[in-house]
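Heads up, the thing below is written out as structure tokens.
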Amino acid sequence: MTESWKRVKCPQCGNENPRKLHEEADRNSVLYYSMQGTPVYKRKMKCGDCGNLFKKN
Ligand SMILES: [Zn+2]
């Protein structure tokens, strides 16, 4: 088994510690609305070191 976690790196400070990178919902970009009418947001990464928000590939 190889690790499936794709390495994410903060483009601003170079932090690539997964414990300091958190995925969160980008409330400005709605992907679609579910059948219940609740919005499903795009995901983005937040750097715990510098607070930078960036897109995950
Ligand atoms: Zn950073």
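Naming works like this for the structure tokens: A, B, ... for the chains as they're shown, residue 1 at the start of each chain, ligands 1 onward in shown order.
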With ligand 1 as the partner and 9 Å as the cut-off, tabulate the residues of chain A that qualify, each row holding the nearest pair of atoms and their distance in Å to one decimal, using only C-alpha atoms and all ligand atoms, sorted by chain and rising number, as JSON lines.
```
{"residue": "A:Lys9", "atom": "CA", "partner": "ligand 1", "partner_atom_place_in_ligand_line": "1 (Zn)", "distance": 7.9}
{"residue": "A:Cys10", "atom": "CA", "partner": "ligand 1", "partner_atom_place_in_ligand_line": "1 (Zn)", "distance": 4.7}
{"residue": "A:Pro11", "atom": "CA", "partner": "ligand 1", "partner_atom_place_in_ligand_line": "1 (Zn)", "distance": 6.7}
{"residue": "A:Gln12", "atom": "CA", "partner": "ligand 1", "partner_atom_place_in_ligand_line": "1 (Zn)", "distance": 5.1}
{"residue": "A:Cys13", "atom": "CA", "partner": "ligand 1", "partner_atom_place_in_ligand_line": "1 (Zn)", "distance": 4.2}
{"residue": "A:Gly14", "atom": "CA", "partner": "ligand 1", "partner_atom_place_in_ligand_line": "1 (Zn)", "distance": 6.0}
{"residue": "A:Asn15", "atom": "CA", "partner": "ligand 1", "partner_atom_place_in_ligand_line": "1 (Zn)", "distance": 5.3}
{"residue": "A:Glu16", "atom": "CA", "partner": "ligand 1", "partner_atom_place_in_ligand_line": "1 (Zn)", "distance": 8.3}
{"residue": "A:Lys20", "atom": "CA", "partner": "ligand 1", "partner_atom_place_in_ligand_line": "1 (Zn)", "distance": 8.8}
{"residue": "A:Leu21", "atom": "CA", "partner": "ligand 1", "partner_atom_place_in_ligand_line": "1 (Zn)", "distance": 8.3}
{"residue": "A:Lys46", "atom": "CA", "partner": "ligand 1", "partner_atom_place_in_ligand_line": "1 (Zn)", "distance": 7.8}
{"residue": "A:Cys47", "atom": "CA", "partner": "ligand 1", "partner_atom_place_in_ligand_line": "1 (Zn)", "distance": 4.6}
{"residue": "A:Gly48", "atom": "CA", "partner": "ligand 1", "partner_atom_place_in_ligand_line": "1 (Zn)", "distance": 6.6}
{"residue": "A:Asp49", "atom": "CA", "partner": "ligand 1", "partner_atom_place_in_ligand_line": "1 (Zn)", "distance": 5.0}
{"residue": "A:Cys50", "atom": "CA", "partner": "ligand 1", "partner_atom_place_in_ligand_line": "1 (Zn)", "distance": 4.2}
{"residue": "A:Gly51", "atom": "CA", "partner": "ligand 1", "partner_atom_place_in_ligand_line": "1 (Zn)", "distance": 6.0}
{"residue": "A:Asn52", "atom": "CA", "partner": "ligand 1", "partner_atom_place_in_ligand_line": "1 (Zn)", "distance": 5.4}
{"residue": "A:Leu53", "atom": "CA", "partner": "ligand 1", "partner_atom_place_in_ligand_line": "1 (Zn)", "distance": 8.2}
```
* Find the residues near segment 25-35 of chain A: any atom within 12 Å, counting only C-alpha atoms, skip ones fewer than 2 places away on the same chain, and give them as a list of chain:residue names. => A:His22, A:Glu23, A:Gly37, A:Thr38, A:Pro39, A:Val40, A:Tyr41, A:Lys42, A:Arg43, A:Lys44, A:Met45, A:Lys46, A:Leu53, A:Phe54, A:Lys55, A:Lys56
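Scanning chain A with DSSP on the backbone, the strand (DSSP E or B) assignments fall on Leu21, His22, Glu23, Glu24, Ala25, Asp26, Arg27, Asn28, Ser29, Val30, Leu31, Tyr32, Tyr33, Pro39, Val40, Tyr41, Lys42, Arg43, Lys44, Met45, Lys46, Cys47, Leu53 and Phe54 of chain A.
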